[in-house]
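Here is the structure we will look at.
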2 protein chains.
Amino acid sequence: MRILLIEDQVHMALTIKETLEKSYIVEVAYTGEDGLSLAQNNMYDLIILDYIMPDINGLFICKHLRKNEVKAPILMLTAQLDIQKKVIALDAGADDYLTKPFSFDELQARIRALLRRKNTESGSNILTVGNLIFDLNKKVIKRDGQKISLRRKEQYLLEYLMRNAGYTITREMIFDHVWDSANESFSNIVDVHIKYLRDQIDKPFDKKMIKTVHGFGYKIEA
Amino acid sequence: MRILLIEDQVHMALTIKETLEKSYIVEVAYTGEDGLSLAQNNMYDLIILDYIMPDINGLFICKHLRKNEVKAPILMLTAQLDIQKKVIALDAGADDYLTKPFSFDELQARIRALLRRKNTESGSNILTVGNLIFDLNKKVIKRDGQKISLRRKEQYLLEYLMRNAGYTITREMIFDHVWDSANESFSNIVDVHIKYLRDQIDKPFDKKMIKTVHGFGYKIEA
DNA sequence: CACTATCCTGAGGATAACCTGAAAAATTGC
DNA sequence: GCAATTTTTCAGGTTATCCTCAGGATAGTG
């Protein structure tokens with residue numbers, strides 16, 4: 001799971017980062033501008049956004065991201081309790097808000113809630129690429145109507161590939177998303193799981209969907 | 001990719017240099033002063049900067065470079081874990097920090113992350129010259145809507161040509177960008193890969209886009 | 001036109017990237 | 001706590017890509 005934290009107060013940012021890093025991969029943007037471009041150019045599972053920042057207002061960032069089809073849940077940090085602001089934040093497309101100061105336990109609880117909600121809710125939880133269907137709720141995968149059973153890691157891998165269907169993804173990116181520890185392993189573990197996935201997804205069929213892009217990584221295509 | 005390493009401890013500097021040279025072109029400055037002038041007068045893709053140096057403080061160098069519009073990402077090496085210092089370093093314009101001692105795997109991971117971030121941040125990821133389209137994310141190249149598959153080196157070469165479309169580029173420039181090893185052997189390797197590229201990009205079509213500029217190099221044009 | 005510098009091309013060996021099977025380690029379920 | 005399952009590591013084989021080299025073609029020059 002990858003989280004983007006947009007927060008201009010460096011000390012606050014680092015403290016949050018260190019807390020969350022035990023459970024997630026966390027990237028930090030110290031300006032609204034950086035945050036905006038990172039959010040638009042990467043797939044995060046969650047965005048934490050400070051309301052007040054010197055360059056670009058958090059509210060504006062939020063609106064802008066929604067307009068540009070960034071679907072990740074957004075958690076807003078507001079400086080003090082202010083019903084008015086909360087309403088405005090939610091209207092702008094934020095999914096939840098938290099007023100400073102907050103406890104880290106509470107922060108983590110909200111994050112878990114948002115990540116959970118994202119997985120069980122919303123229309124985007126049936127992935128389709130060609131005639132391959134992955135129902136994330138029911139954990140059911142079908143190709144040409146034929147049921148396929150995958151192990152956990154394979155499911156994560158397939159989900160990530162399908163969410164980026166058509167795009168070439170490096171082994172590093174896959175590793176970061178599917179193996180959510182921050183450590184760097186240089187085994188061929190990604191290759192191996194790609195093979196397992198292929199055995200299930202491609203081997204029994206004519207057309208191969210999982211393609212290796214030599215020198216870069218892999219992609220899935222119809 | 002060119003990296004500038006500013007580090008006064010000669011032994012440390014050489015060890016880092018040797019490690020990184022497998023993947024990048026590395027230049028070393030052994031004093032802050034040298035580092036400063038090198039950084040200002042050359043275009044590096046990344047600067048690695050020791051926090052503590054006898055002549056000029058790394059922090060000062062960092063600030064100074066940012067003030068002078070040096071945009072390259074800066075990775076700071078700090079002597080020991082110290083949140084305060086990290087904050088100061090980031091405030092000064094550094095992009096990341098690493099506390100000594102560190103493993104070389106970690107160093108390389110951070111470097112890759114910084115270089116990657118820079119690449120995804122800057123500008124669009126779809127290059128177009130005439131009816132030739134290169135989607136850098138998908139690694140998909142099309143001419144007249146027709147898909148073309150290229151190998152890795154050919155893709156790097158094409159990317160470089162397209163980024164400089166209309167301008168003549170020397171073999172040396174191509175070599176420096178596409179072959180990021182520090183080695184200076186001048187075979188006809190660039191020529192060979194230009195041929196490979198032409199076989200894919202030009203041969204099947206009427207109009208030739210990759211042109212030879214006799215005595216100088218090559219260019220790509222619509 | 002003839003001469004030279006520059007560029008192009010094809011083939012084969014070297015190398016890096018990728019795939020695979022099997023065994024070891026870790027995790028899960030009873 | 002043990003067996004079954006899943007995950008990871010490792011080593012070897014296979015394939016695609018890359019580089020070198022040598023000879024042929026082409027452009028520039030007097």
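The way I read the labels, and the way they are meant: chains A, B, ... in the order of the structure tokens, residue 1 as the first residue of every chain, and ligand 1 as the first ligand shown, with later ones counted on from there.
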
**OP:** If you run DSSP over the backbone, which residues in region 170-222 of chain A end up strand (DSSP E)? Put them as a ChimeraX atom specification.
**Re:** /A:170,210-213,217-220

**OP:** Excluding Ala72 (chain A) and any residue of its chain fewer than 4 positions from it, enumerate the residues within 8 Å of it, using only C-alpha atoms (C1' of nucleotides), and give them as a VMD selection string.
**Re:** chain A and resid 43 to 47

Near chain B, 6 Å: chain A residue rows, closest pairs, only C-alpha atoms, as a Markdown table:
| residue | atom | partner | partner_atom | distance |
| --- | --- | --- | --- | --- |
| A:Tyr167 | CA | B:Lys138 | CA | 4.1 |
| A:Thr168 | CA | B:Lys138 | CA | 4.9 |
| A:Gly215 | CA | B:Arg152 | CA | 5.8 |

**OP:** Residues of chain D no more than 9 Å from chain B, counting only C-alpha atoms (C1' of nucleotides): send them over as a list of chain:residue names.
**Re:** D:DT17, D:DC18, D:DC19, D:DT20, D:DA27, D:DG28

Could you write out that same residue set with C-alpha atoms (C1' of nucleotides) as a PDB file, in the first residue's frame?
ATOM      1  C1'  DT D  17      19.714  -8.331 -26.851  1.00  0.00           C
ATOM      2  C1'  DC D  18      24.001  -6.277 -27.417  1.00  0.00           C
ATOM      3  C1'  DC D  19      28.624  -5.481 -29.206  1.00  0.00           C
ATOM      4  C1'  DT D  20      32.595  -6.203 -32.215  1.00  0.00           C
ATOM      5  C1'  DA D  27      29.087  11.447 -49.726  1.00  0.00           C
ATOM      6  C1'  DG D  28      32.400  15.145 -49.970  1.00  0.00           C
TER       7       DG D  28
END

Original post:
For chain C against chain B, which residues fall within 8 Å using only C-alpha atoms (C1' of nucleotides), given as a PyMOL selection string?
Top reply: chain C and resi 6-8

Original post:
Which of region 33-84 of chain A counts as helix (DSSP H, G or I) under DSSP, as a list in words please?
Top reply: Glu33, Asp34, Gly35, Leu36, Ser37, Leu38, Ala39, Gln40, Asn41, Gly58, Leu59, Phe60, Ile61, Cys62, Lys63, His64, Leu65, Arg66, Lys67, Ile83 and Gln84 of chain A

**OP:** May I have the residues within 12 Å of Leu20 (chain B) as number ranges by chain, using only C-alpha atoms (C1' of nucleotides) and disregarding those fewer than 2 positions away in the same chain?
**Re:** B: 1-5, 13-18, 22-28, 46, 48, 104-105, 107-109, 111-112, 180-182

Could the residues in this selection be saved with C-alpha atoms as a compact mmCIF listing (two decimals), in the first residue's frame?
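Wrote selection34.txt, looks like this:
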# COMPACT_ATOMS: atom_id res chain seq x y z
CA MET B 1 23.06 9.46 -16.10
CA ARG B 2 25.68 11.65 -14.48
CA ILE B 3 26.17 11.88 -10.76
CA LEU B 4 28.29 14.36 -8.82
CA LEU B 5 29.63 13.13 -5.50
CA ALA B 13 34.37 8.77 -1.86
CA LEU B 14 36.26 6.18 -3.84
CA THR B 15 34.23 3.31 -2.46
CA ILE B 16 30.97 4.99 -3.38
CA LYS B 17 32.34 5.93 -6.76
CA GLU B 18 33.33 2.37 -7.57
CA LYS B 22 28.58 0.14 -12.69
CA SER B 23 25.40 2.05 -13.42
CA TYR B 24 26.25 5.72 -13.77
CA ILE B 25 28.89 8.22 -14.77
CA VAL B 26 30.31 9.49 -11.50
CA GLU B 27 32.40 12.56 -10.87
CA VAL B 28 33.94 13.29 -7.49
CA LEU B 46 21.88 13.81 -9.24
CA ILE B 48 25.28 13.37 -3.54
CA PHE B 104 25.22 0.29 -0.75
CA ASP B 105 22.01 -1.43 -1.66
CA LEU B 107 22.14 3.99 -1.41
CA GLN B 108 21.37 2.64 -4.84
CA ALA B 109 17.71 2.23 -4.04
CA ILE B 111 19.29 7.00 -6.03
CA ARG B 112 16.94 5.08 -8.28
CA ASP B 180 25.54 5.51 -19.30
CA SER B 181 28.68 3.58 -18.54
CA ALA B 182 31.70 5.77 -18.03

Original post:
Rounded to one decimal in Å, what is the spacing between CA of Asp8 (chain A) and CA of Thr31 (chain A)?
Top reply: 5.5 Å
